[in-house]
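The next block is run.pdb, given as PDB, C-alpha atoms.
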```
ATOM      1  CA  MET A   1     -24.949  62.484-275.751  1.00  0.00           C
ATOM      2  CA  ARG A   2     -22.413  65.246-275.754  1.00  0.00           C
ATOM      3  CA  ILE A   3     -23.518  68.893-276.022  1.00  0.00           C
ATOM      4  CA  ASN A   4     -21.108  71.073-277.874  1.00  0.00           C
ATOM      5  CA  SER A   5     -19.968  74.399-276.540  1.00  0.00           C
ATOM      6  CA  GLY A   6     -22.197  76.376-278.927  1.00  0.00           C
ATOM      7  CA  ALA A   7     -25.317  74.637-277.662  1.00  0.00           C
ATOM      8  CA  LYS A   8     -24.213  75.174-274.065  1.00  0.00           C
ATOM      9  CA  PHE A   9     -23.875  78.905-274.746  1.00  0.00           C
ATOM     10  CA  VAL A  10     -27.375  79.086-276.233  1.00  0.00           C
ATOM     11  CA  VAL A  11     -28.882  77.194-273.299  1.00  0.00           C
ATOM     12  CA  PHE A  12     -27.034  79.390-270.811  1.00  0.00           C
ATOM     13  CA  THR A  13     -28.099  82.558-272.613  1.00  0.00           C
ATOM     14  CA  VAL A  14     -31.752  81.501-272.708  1.00  0.00           C
ATOM     15  CA  PHE A  15     -31.631  80.539-269.042  1.00  0.00           C
ATOM     16  CA  TRP A  16     -30.059  83.862-268.129  1.00  0.00           C
ATOM     17  CA  ILE A  17     -32.664  85.841-270.081  1.00  0.00           C
ATOM     18  CA  VAL A  18     -35.499  83.911-268.439  1.00  0.00           C
ATOM     19  CA  PHE A  19     -33.887  84.459-265.040  1.00  0.00           C
ATOM     20  CA  VAL A  20     -33.535  88.216-265.620  1.00  0.00           C
ATOM     21  CA  ILE A  21     -37.122  88.535-266.843  1.00  0.00           C
ATOM     22  CA  ALA A  22     -38.475  86.528-263.933  1.00  0.00           C
ATOM     23  CA  GLY A  23     -36.304  88.441-261.444  1.00  0.00           C
ATOM     24  CA  THR A  24     -37.376  91.781-262.881  1.00  0.00           C
ATOM     25  CA  ALA A  25     -41.045  90.797-262.729  1.00  0.00           C
ATOM     26  CA  LEU A  26     -40.620  89.691-259.130  1.00  0.00           C
ATOM     27  CA  MET A  27     -38.865  92.941-258.173  1.00  0.00           C
ATOM     28  CA  LEU A  28     -41.608  94.975-259.838  1.00  0.00           C
ATOM     29  CA  ARG A  29     -44.260  93.078-257.885  1.00  0.00           C
ATOM     30  CA  ILE A  30     -42.347  93.598-254.658  1.00  0.00           C
ATOM     31  CA  PHE A  31     -41.870  97.302-255.419  1.00  0.00           C
ATOM     32  CA  SER A  32     -45.555  97.640-256.321  1.00  0.00           C
ATOM     33  CA  ALA A  33     -46.516  96.052-253.019  1.00  0.00           C
ATOM     34  CA  VAL A  34     -44.049  98.108-250.989  1.00  0.00           C
ATOM     35  CA  ARG A  35     -45.021 101.448-252.574  1.00  0.00           C
ATOM     36  CA  ASN A  36     -48.601 100.904-251.406  1.00  0.00           C
ATOM     37  CA  PHE A  37     -47.607 100.466-247.776  1.00  0.00           C
ATOM     38  CA  SER A  38     -49.359 103.013-245.568  1.00  0.00           C
ATOM     39  CA  VAL A  39     -46.055 104.600-244.529  1.00  0.00           C
ATOM     40  CA  TRP A  40     -45.670 105.950-248.093  1.00  0.00           C
ATOM     41  CA  GLN A  41     -49.173 107.422-248.256  1.00  0.00           C
ATOM     42  CA  VAL A  42     -49.575 111.180-247.871  1.00  0.00           C
ATOM     43  CA  LYS A  43     -51.464 111.763-244.638  1.00  0.00           C
ATOM     44  CA  LYS A  44     -50.756 115.466-244.149  1.00  0.00           C
ATOM     45  CA  VAL A  45     -49.693 118.553-246.084  1.00  0.00           C
ATOM     46  CA  GLN A  46     -47.746 121.064-243.997  1.00  0.00           C
ATOM     47  CA  VAL A  47     -47.473 124.590-245.438  1.00  0.00           C
ATOM     48  CA  GLU A  48     -45.205 127.367-244.140  1.00  0.00           C
ATOM     49  CA  GLY A  49     -44.402 130.918-245.242  1.00  0.00           C
ATOM     50  CA  LEU A  50     -47.959 132.092-245.945  1.00  0.00           C
ATOM     51  CA  LYS A  51     -48.922 135.718-245.321  1.00  0.00           C
ATOM     52  CA  ARG A  52     -51.447 136.764-247.946  1.00  0.00           C
ATOM     53  CA  ILE A  53     -52.252 133.389-249.494  1.00  0.00           C
ATOM     54  CA  SER A  54     -54.513 130.982-247.628  1.00  0.00           C
ATOM     55  CA  GLU A  55     -53.610 127.363-246.985  1.00  0.00           C
ATOM     56  CA  GLU A  56     -56.839 126.384-248.752  1.00  0.00           C
ATOM     57  CA  GLU A  57     -55.524 127.991-251.951  1.00  0.00           C
ATOM     58  CA  ILE A  58     -52.309 125.973-251.708  1.00  0.00           C
ATOM     59  CA  LEU A  59     -54.169 122.698-251.175  1.00  0.00           C
ATOM     60  CA  LYS A  60     -56.457 123.490-254.098  1.00  0.00           C
ATOM     61  CA  ILE A  61     -53.485 124.085-256.403  1.00  0.00           C
ATOM     62  CA  LEU A  62     -51.766 120.864-255.266  1.00  0.00           C
ATOM     63  CA  ASN A  63     -55.014 118.914-255.744  1.00  0.00           C
ATOM     64  CA  LEU A  64     -53.575 115.719-254.208  1.00  0.00           C
ATOM     65  CA  PRO A  65     -55.747 112.579-254.410  1.00  0.00           C
ATOM     66  CA  SER A  66     -56.692 111.015-251.099  1.00  0.00           C
ATOM     67  CA  GLN A  67     -54.262 108.371-249.834  1.00  0.00           C
ATOM     68  CA  VAL A  68     -51.878 109.037-252.703  1.00  0.00           C
ATOM     69  CA  SER A  69     -48.458 107.411-252.456  1.00  0.00           C
ATOM     70  CA  VAL A  70     -45.367 109.595-252.492  1.00  0.00           C
ATOM     71  CA  TRP A  71     -44.037 107.345-255.262  1.00  0.00           C
ATOM     72  CA  ASP A  72     -46.838 108.610-257.493  1.00  0.00           C
ATOM     73  CA  LEU A  73     -45.972 112.280-256.968  1.00  0.00           C
ATOM     74  CA  ASN A  74     -43.664 114.472-259.024  1.00  0.00           C
ATOM     75  CA  LEU A  75     -42.470 117.033-256.509  1.00  0.00           C
ATOM     76  CA  SER A  76     -40.888 119.265-259.159  1.00  0.00           C
ATOM     77  CA  SER A  77     -44.182 119.369-261.025  1.00  0.00           C
ATOM     78  CA  LEU A  78     -45.972 120.392-257.826  1.00  0.00           C
ATOM     79  CA  GLU A  79     -43.447 123.189-257.305  1.00  0.00           C
ATOM     80  CA  ASN A  80     -44.079 124.452-260.839  1.00  0.00           C
ATOM     81  CA  LYS A  81     -47.833 124.427-260.272  1.00  0.00           C
ATOM     82  CA  LEU A  82     -47.469 126.460-257.106  1.00  0.00           C
ATOM     83  CA  SER A  83     -45.041 128.907-258.723  1.00  0.00           C
ATOM     84  CA  SER A  84     -47.689 129.757-261.331  1.00  0.00           C
ATOM     85  CA  HIS A  85     -49.659 131.540-258.587  1.00  0.00           C
ATOM     86  CA  PRO A  86     -49.119 135.317-259.026  1.00  0.00           C
ATOM     87  CA  TRP A  87     -48.341 135.844-255.333  1.00  0.00           C
ATOM     88  CA  ILE A  88     -45.754 133.057-255.105  1.00  0.00           C
ATOM     89  CA  GLU A  89     -42.120 133.955-255.786  1.00  0.00           C
ATOM     90  CA  LYS A  90     -40.792 130.480-255.015  1.00  0.00           C
ATOM     91  CA  ALA A  91     -42.175 127.148-253.823  1.00  0.00           C
ATOM     92  CA  VAL A  92     -40.287 124.162-252.420  1.00  0.00           C
ATOM     93  CA  VAL A  93     -42.049 120.813-251.955  1.00  0.00           C
ATOM     94  CA  LYS A  94     -40.394 118.026-249.968  1.00  0.00           C
ATOM     95  CA  TRP A  95     -41.361 114.609-248.619  1.00  0.00           C
ATOM     96  CA  ARG A  96     -40.875 113.984-244.919  1.00  0.00           C
ATOM     97  CA  PHE A  97     -41.210 110.497-243.526  1.00  0.00           C
ATOM     98  CA  PRO A  98     -43.709 109.331-242.551  1.00  0.00           C
ATOM     99  CA  GLY A  99     -46.594 110.623-244.630  1.00  0.00           C
ATOM    100  CA  VAL A 100     -45.958 114.385-244.730  1.00  0.00           C
ATOM    101  CA  ILE A 101     -45.646 116.654-247.758  1.00  0.00           C
ATOM    102  CA  TRP A 102     -43.838 119.796-246.586  1.00  0.00           C
ATOM    103  CA  VAL A 103     -44.457 122.945-248.638  1.00  0.00           C
ATOM    104  CA  THR A 104     -42.362 126.095-248.161  1.00  0.00           C
ATOM    105  CA  ILE A 105     -43.704 129.231-249.820  1.00  0.00           C
ATOM    106  CA  VAL A 106     -41.863 132.490-250.487  1.00  0.00           C
ATOM    107  CA  GLU A 107     -44.461 135.112-251.337  1.00  0.00           C
ATOM    108  CA  ARG A 108     -43.914 138.155-253.494  1.00  0.00           C
ATOM    109  CA  TYR A 109     -43.719 141.339-251.445  1.00  0.00           C
ATOM    110  CA  PRO A 110     -45.645 144.285-252.923  1.00  0.00           C
ATOM    111  CA  VAL A 111     -44.010 147.687-252.580  1.00  0.00           C
ATOM    112  CA  ALA A 112     -46.612 149.632-254.562  1.00  0.00           C
ATOM    113  CA  VAL A 113     -49.798 149.446-256.582  1.00  0.00           C
ATOM    114  CA  LEU A 114     -49.678 150.908-260.093  1.00  0.00           C
ATOM    115  CA  CYS A 115     -52.957 152.100-261.592  1.00  0.00           C
ATOM    116  CA  CYS A 116     -53.927 153.092-265.109  1.00  0.00           C
ATOM    117  CA  ASP A 117     -56.945 151.487-266.782  1.00  0.00           C
ATOM    118  CA  ALA A 118     -56.312 148.595-264.385  1.00  0.00           C
ATOM    119  CA  CYS A 119     -54.380 148.312-261.125  1.00  0.00           C
ATOM    120  CA  PHE A 120     -51.512 145.911-260.445  1.00  0.00           C
ATOM    121  CA  TYR A 121     -49.357 145.101-257.447  1.00  0.00           C
ATOM    122  CA  VAL A 122     -45.669 145.864-258.035  1.00  0.00           C
ATOM    123  CA  ASP A 123     -42.804 143.951-256.420  1.00  0.00           C
ATOM    124  CA  ALA A 124     -39.372 145.301-255.468  1.00  0.00           C
ATOM    125  CA  ASN A 125     -38.048 144.486-258.947  1.00  0.00           C
ATOM    126  CA  GLY A 126     -40.746 146.573-260.625  1.00  0.00           C
ATOM    127  CA  ARG A 127     -42.688 143.563-261.918  1.00  0.00           C
ATOM    128  CA  LEU A 128     -46.480 143.659-262.088  1.00  0.00           C
ATOM    129  CA  PHE A 129     -47.736 140.427-260.615  1.00  0.00           C
ATOM    130  CA  SER A 130     -51.372 140.571-259.539  1.00  0.00           C
ATOM    131  CA  ARG A 131     -54.375 142.611-260.570  1.00  0.00           C
ATOM    132  CA  LEU A 132     -56.296 144.655-258.017  1.00  0.00           C
ATOM    133  CA  ASP A 133     -59.781 146.091-258.360  1.00  0.00           C
ATOM    134  CA  ARG A 134     -59.616 149.874-258.142  1.00  0.00           C
ATOM    135  CA  LYS A 135     -62.596 149.969-255.767  1.00  0.00           C
ATOM    136  CA  ASN A 136     -60.531 147.935-253.274  1.00  0.00           C
ATOM    137  CA  LEU A 137     -57.622 150.400-253.166  1.00  0.00           C
ATOM    138  CA  SER A 138     -58.866 151.936-249.928  1.00  0.00           C
ATOM    139  CA  ASP A 139     -58.623 148.515-248.262  1.00  0.00           C
ATOM    140  CA  SER A 140     -55.082 147.868-249.472  1.00  0.00           C
ATOM    141  CA  ASP A 141     -52.157 148.306-247.093  1.00  0.00           C
ATOM    142  CA  VAL A 142     -49.873 149.077-250.057  1.00  0.00           C
ATOM    143  CA  PRO A 143     -49.436 152.684-251.345  1.00  0.00           C
ATOM    144  CA  TRP A 144     -50.597 153.295-254.906  1.00  0.00           C
ATOM    145  CA  PHE A 145     -49.934 155.759-257.694  1.00  0.00           C
ATOM    146  CA  THR A 146     -51.237 156.441-261.190  1.00  0.00           C
ATOM    147  CA  PHE A 147     -48.838 155.808-264.059  1.00  0.00           C
ATOM    148  CA  CYS A 148     -49.916 155.157-267.649  1.00  0.00           C
ATOM    149  CA  PRO A 149     -46.847 154.392-269.777  1.00  0.00           C
ATOM    150  CA  THR A 150     -47.085 153.144-273.335  1.00  0.00           C
ATOM    151  CA  GLY A 151     -47.507 149.386-273.577  1.00  0.00           C
ATOM    152  CA  LEU A 152     -48.715 148.839-270.022  1.00  0.00           C
ATOM    153  CA  ASP A 153     -49.648 145.198-269.508  1.00  0.00           C
ATOM    154  CA  ALA A 154     -48.865 142.357-267.101  1.00  0.00           C
ATOM    155  CA  SER A 155     -45.343 142.018-268.573  1.00  0.00           C
ATOM    156  CA  PHE A 156     -44.468 145.697-268.016  1.00  0.00           C
ATOM    157  CA  ARG A 157     -41.688 146.468-265.540  1.00  0.00           C
ATOM    158  CA  VAL A 158     -41.714 149.766-263.659  1.00  0.00           C
ATOM    159  CA  PRO A 159     -38.386 151.579-264.188  1.00  0.00           C
ATOM    160  CA  GLU A 160     -36.119 151.446-261.159  1.00  0.00           C
ATOM    161  CA  ASP A 161     -35.864 155.244-260.861  1.00  0.00           C
ATOM    162  CA  VAL A 162     -39.656 155.582-260.837  1.00  0.00           C
ATOM    163  CA  LEU A 163     -40.090 152.907-258.185  1.00  0.00           C
ATOM    164  CA  SER A 164     -37.308 154.245-255.962  1.00  0.00           C
ATOM    165  CA  GLY A 165     -38.638 157.789-256.410  1.00  0.00           C
ATOM    166  CA  PHE A 166     -42.124 156.683-255.369  1.00  0.00           C
ATOM    167  CA  SER A 167     -40.736 154.961-252.268  1.00  0.00           C
ATOM    168  CA  ALA A 168     -38.776 158.117-251.369  1.00  0.00           C
ATOM    169  CA  LEU A 169     -41.871 160.257-251.915  1.00  0.00           C
ATOM    170  CA  MET A 170     -44.087 158.095-249.694  1.00  0.00           C
ATOM    171  CA  ARG A 171     -41.449 158.053-246.971  1.00  0.00           C
ATOM    172  CA  ALA A 172     -41.100 161.854-247.082  1.00  0.00           C
ATOM    173  CA  LEU A 173     -44.866 162.374-247.012  1.00  0.00           C
ATOM    174  CA  ARG A 174     -45.330 160.042-244.049  1.00  0.00           C
ATOM    175  CA  ASN A 175     -42.485 161.660-242.123  1.00  0.00           C
ATOM    176  CA  THR A 176     -43.826 165.131-242.823  1.00  0.00           C
ATOM    177  CA  PHE A 177     -47.613 164.842-242.856  1.00  0.00           C
ATOM    178  CA  GLY A 178     -48.318 161.458-241.272  1.00  0.00           C
ATOM    179  CA  PRO A 179     -50.888 159.038-242.736  1.00  0.00           C
ATOM    180  CA  LEU A 180     -52.537 160.596-245.781  1.00  0.00           C
ATOM    181  CA  ARG A 181     -54.354 157.676-247.354  1.00  0.00           C
ATOM    182  CA  GLU A 182     -57.772 159.301-247.154  1.00  0.00           C
ATOM    183  CA  ASN A 183     -56.845 162.601-248.759  1.00  0.00           C
ATOM    184  CA  MET A 184     -53.854 161.915-250.990  1.00  0.00           C
ATOM    185  CA  GLU A 185     -53.445 160.860-254.604  1.00  0.00           C
ATOM    186  CA  VAL A 186     -50.100 160.304-256.341  1.00  0.00           C
ATOM    187  CA  SER A 187     -49.468 160.207-260.077  1.00  0.00           C
ATOM    188  CA  TYR A 188     -46.371 160.079-262.253  1.00  0.00           C
ATOM    189  CA  SER A 189     -45.615 161.228-265.775  1.00  0.00           C
ATOM    190  CA  THR A 190     -42.350 161.370-267.668  1.00  0.00           C
ATOM    191  CA  GLN A 191     -42.909 165.083-268.286  1.00  0.00           C
ATOM    192  CA  ASP A 192     -43.770 166.344-264.786  1.00  0.00           C
ATOM    193  CA  GLY A 193     -42.459 163.603-262.538  1.00  0.00           C
ATOM    194  CA  PHE A 194     -44.491 162.967-259.387  1.00  0.00           C
ATOM    195  CA  ILE A 195     -47.655 164.927-258.696  1.00  0.00           C
ATOM    196  CA  VAL A 196     -49.379 164.696-255.317  1.00  0.00           C
ATOM    197  CA  LYS A 197     -52.915 165.842-254.594  1.00  0.00           C
ATOM    198  CA  ILE A 198     -53.147 166.811-250.914  1.00  0.00           C
ATOM    199  CA  HIS A 199     -56.325 168.288-249.406  1.00  0.00           C
ATOM    200  CA  GLY A 200     -57.500 169.127-252.929  1.00  0.00           C
ATOM    201  CA  ILE A 201     -54.260 170.942-253.829  1.00  0.00           C
ATOM    202  CA  LYS A 202     -52.261 169.684-256.828  1.00  0.00           C
ATOM    203  CA  VAL A 203     -48.573 169.620-255.879  1.00  0.00           C
ATOM    204  CA  PHE A 204     -45.808 169.192-258.487  1.00  0.00           C
ATOM    205  CA  VAL A 205     -42.962 167.375-256.701  1.00  0.00           C
ATOM    206  CA  GLY A 206     -40.877 166.177-259.652  1.00  0.00           C
ATOM    207  CA  THR A 207     -38.209 163.509-259.294  1.00  0.00           C
ATOM    208  CA  GLU A 208     -35.159 165.303-257.853  1.00  0.00           C
ATOM    209  CA  ASN A 209     -34.417 165.980-254.172  1.00  0.00           C
ATOM    210  CA  ILE A 210     -37.834 164.766-253.077  1.00  0.00           C
ATOM    211  CA  ASP A 211     -37.164 165.148-249.339  1.00  0.00           C
ATOM    212  CA  GLU A 212     -36.251 168.817-249.834  1.00  0.00           C
ATOM    213  CA  ALA A 213     -39.291 169.379-252.061  1.00  0.00           C
ATOM    214  CA  ILE A 214     -41.655 167.979-249.428  1.00  0.00           C
ATOM    215  CA  ALA A 215     -39.955 170.078-246.737  1.00  0.00           C
ATOM    216  CA  ARG A 216     -40.586 173.206-248.878  1.00  0.00           C
ATOM    217  CA  LEU A 217     -44.179 172.098-249.349  1.00  0.00           C
ATOM    218  CA  GLN A 218     -44.681 171.782-245.599  1.00  0.00           C
ATOM    219  CA  HIS A 219     -43.284 175.282-245.063  1.00  0.00           C
ATOM    220  CA  ILE A 220     -45.545 176.757-247.756  1.00  0.00           C
ATOM    221  CA  MET A 221     -48.677 175.039-246.477  1.00  0.00           C
ATOM    222  CA  GLN A 222     -47.981 176.198-242.923  1.00  0.00           C
ATOM    223  CA  GLY A 223     -47.628 179.747-244.201  1.00  0.00           C
ATOM    224  CA  LEU A 224     -50.838 179.532-246.223  1.00  0.00           C
ATOM    225  CA  LYS A 225     -52.690 178.162-243.225  1.00  0.00           C
ATOM    226  CA  MET A 226     -51.498 181.001-241.021  1.00  0.00           C
ATOM    227  CA  LEU A 227     -52.681 183.495-243.653  1.00  0.00           C
ATOM    228  CA  GLY A 228     -55.993 181.676-244.023  1.00  0.00           C
ATOM    229  CA  LYS A 229     -55.385 181.177-247.747  1.00  0.00           C
ATOM    230  CA  SER A 230     -55.221 177.361-247.926  1.00  0.00           C
ATOM    231  CA  GLU A 231     -58.740 176.939-249.328  1.00  0.00           C
ATOM    232  CA  LEU A 232     -57.969 179.340-252.190  1.00  0.00           C
ATOM    233  CA  ILE A 233     -54.938 177.428-253.494  1.00  0.00           C
ATOM    234  CA  GLN A 234     -55.241 175.074-256.471  1.00  0.00           C
ATOM    235  CA  GLU A 235     -51.619 174.250-257.378  1.00  0.00           C
ATOM    236  CA  ILE A 236     -48.164 174.383-255.788  1.00  0.00           C
ATOM    237  CA  ASP A 237     -44.950 173.646-257.665  1.00  0.00           C
ATOM    238  CA  VAL A 238     -41.980 172.732-255.426  1.00  0.00           C
ATOM    239  CA  ARG A 239     -39.712 171.204-258.078  1.00  0.00           C
ATOM    240  CA  TYR A 240     -37.211 174.054-257.966  1.00  0.00           C
ATOM    241  CA  PRO A 241     -34.597 174.360-255.196  1.00  0.00           C
ATOM    242  CA  ARG A 242     -34.828 178.118-254.499  1.00  0.00           C
ATOM    243  CA  TRP A 243     -38.413 179.036-255.235  1.00  0.00           C
ATOM    244  CA  ALA A 244     -41.942 177.673-255.495  1.00  0.00           C
ATOM    245  CA  PHE A 245     -44.979 178.600-257.554  1.00  0.00           C
ATOM    246  CA  VAL A 246     -48.380 178.910-255.909  1.00  0.00           C
ATOM    247  CA  LYS A 247     -51.574 179.279-257.891  1.00  0.00           C
TER     248      LYS A 247
END
```
In structure tokens, write the structure found in this file.
Amino acid sequence: MRINSGAKFVVFTVFWIVFVIAGTALMLRIFSAVRNFSVWQVKKVQVEGLKRISEEEILKILNLPSQVSVWDLNLSSLENKLSSHPWIEKAVVKWRFPGVIWVTIVERYPVAVLCCDACFYVDANGRLFSRLDRKNLSDSDVPWFTFCPTGLDASFRVPEDVLSGFSALMRALRNTFGPLRENMEVSYSTQDGFIVKIHGIKVFVGTENIDEAIARLQHIMQGLKMLGKSELIQEIDVRYPRWAFVK
């Protein structure tokens, strides 16, 4: 019996479809078996770049099941989970054969603490990124100042001139008076600029020529000390280049 060309095409097509389906099923079974080999299982998580965050925090965020296969992990998703941590600027997660998940963390670097009703760490870009309990300020290694602008919340960004002025002020105070954490308070307002409370004296520093203002303050306080008048002073205003007001 002769089979016409149309029938041959149908038979060939059916055979080819069956072959593809069977081959695909076989490849899936092979892949399923291979992906469960022990060499693909995560045996260790290596974390680098940590300074303030603990490795336990990182492992808790990753929350990897025991003996999980790398084929079951979405590394980009893990990076996004880590980046949601307020102290993490950037996270990179990579797989290293055999059995190691390598995590590289870039932490945010705080340059100041801003306080109003609540206190927040501030990074170099002026972004508020983590809340700090006011009672823990004395334990912080980051200088803080009081600033209560309108609309202060976690999305607020400290203006660049305010942040740079605060850094300049802290540098000038350290260079002139040394460590003053125990007896110094700094505040900022758009009207008066920076105000520093030193040894109970309220000092108006402003925002211009801060180094010169602190140098004038040092000269005034030395003079007051020599005269024995320091304990009588309540306020000093050194915002003006050629004179100062003492109250």
Just say which residues the PyMOL selection byres ((chain A and resi 75-88) around 10) picks in this file, as a PyMOL selection string. chain A and resi 50+52-53+57-64+70-74+89-95+101+103-110+121+123+128-131
Residues within 8 Å of A:Val186, all atoms listed in the file, excluding chain neighbours under 4 positions, as a JSON list (two decimals) with C-alpha atoms, in the frame of the given file:
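So selection00.json came out as:
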```json
[["chain", "number", "residue", "atom", "x", "y", "z"],
["A", 144, "TRP", "CA", -50.60, 153.29, -254.91],
["A", 145, "PHE", "CA", -49.93, 155.76, -257.69],
["A", 146, "THR", "CA", -51.24, 156.44, -261.19],
["A", 194, "PHE", "CA", -44.49, 162.97, -259.39],
["A", 195, "ILE", "CA", -47.66, 164.93, -258.70],
["A", 196, "VAL", "CA", -49.38, 164.70, -255.32],
["A", 197, "LYS", "CA", -52.92, 165.84, -254.59]]
```
Do you know which residues are at most 8 Å from stretch 155-164 of chain A counting only C-alpha atoms, after dropping those on the same chain fewer than 5 positions away, and could you put them as a count of residues only? 5
To test your reading of the syntax: which residues would the PyMOL selection byres ((chain A and resi 218-234) around 7) return for the file shown? Reply as a ChimeraX atom specification. /A:201-202,214-217,235,247
Atom-to-atom span, atom CA of A:Ser189 and atom CA of A:Gly206, Å: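 Value for the atom CA of A:Ser189-atom CA of A:Gly206 distance: 9.2 Å.
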Hey, can you check how far atom CA of A:Val238 sits from atom CA of A:Val203?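 Straight-line distance from atom CA of A:Val238 to atom CA of A:Val203 works out to 7.3 Å.
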Identify the residues around (-41.3, 164.5, -244.1) within a radius of 9 Å, measuring from only C-alpha atoms in the coordinates stated by the file, and give them as a VMD selection string. chain A and resid 169 to 178 211 to 212 214 to 215 218
Output C-alpha atoms of each residue in that selection to a file, as a compact mmCIF listing (two decimals), keeping the file's coordinate frame.
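Written file, selection_1.txt:
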```txt
# COMPACT_ATOMS: atom_id res chain seq x y z
CA LEU A 169 -41.87 160.26 -251.92
CA MET A 170 -44.09 158.10 -249.69
CA ARG A 171 -41.45 158.05 -246.97
CA ALA A 172 -41.10 161.85 -247.08
CA LEU A 173 -44.87 162.37 -247.01
CA ARG A 174 -45.33 160.04 -244.05
CA ASN A 175 -42.48 161.66 -242.12
CA THR A 176 -43.83 165.13 -242.82
CA PHE A 177 -47.61 164.84 -242.86
CA GLY A 178 -48.32 161.46 -241.27
CA ASP A 211 -37.16 165.15 -249.34
CA GLU A 212 -36.25 168.82 -249.83
CA ILE A 214 -41.66 167.98 -249.43
CA ALA A 215 -39.96 170.08 -246.74
CA GLN A 218 -44.68 171.78 -245.60
```
Could you tell me how far atom CA of A:Lys51 sits from atom CA of A:Pro98, in Å to one decimal place? 27.0 Å
Scan for residues within 10 Å of the point (-54.3, 149.6, -270.3) in the coordinates of the file, using all atoms listed in the file, and reply as a PyMOL selection string. chain A and resi 115-119+148-154
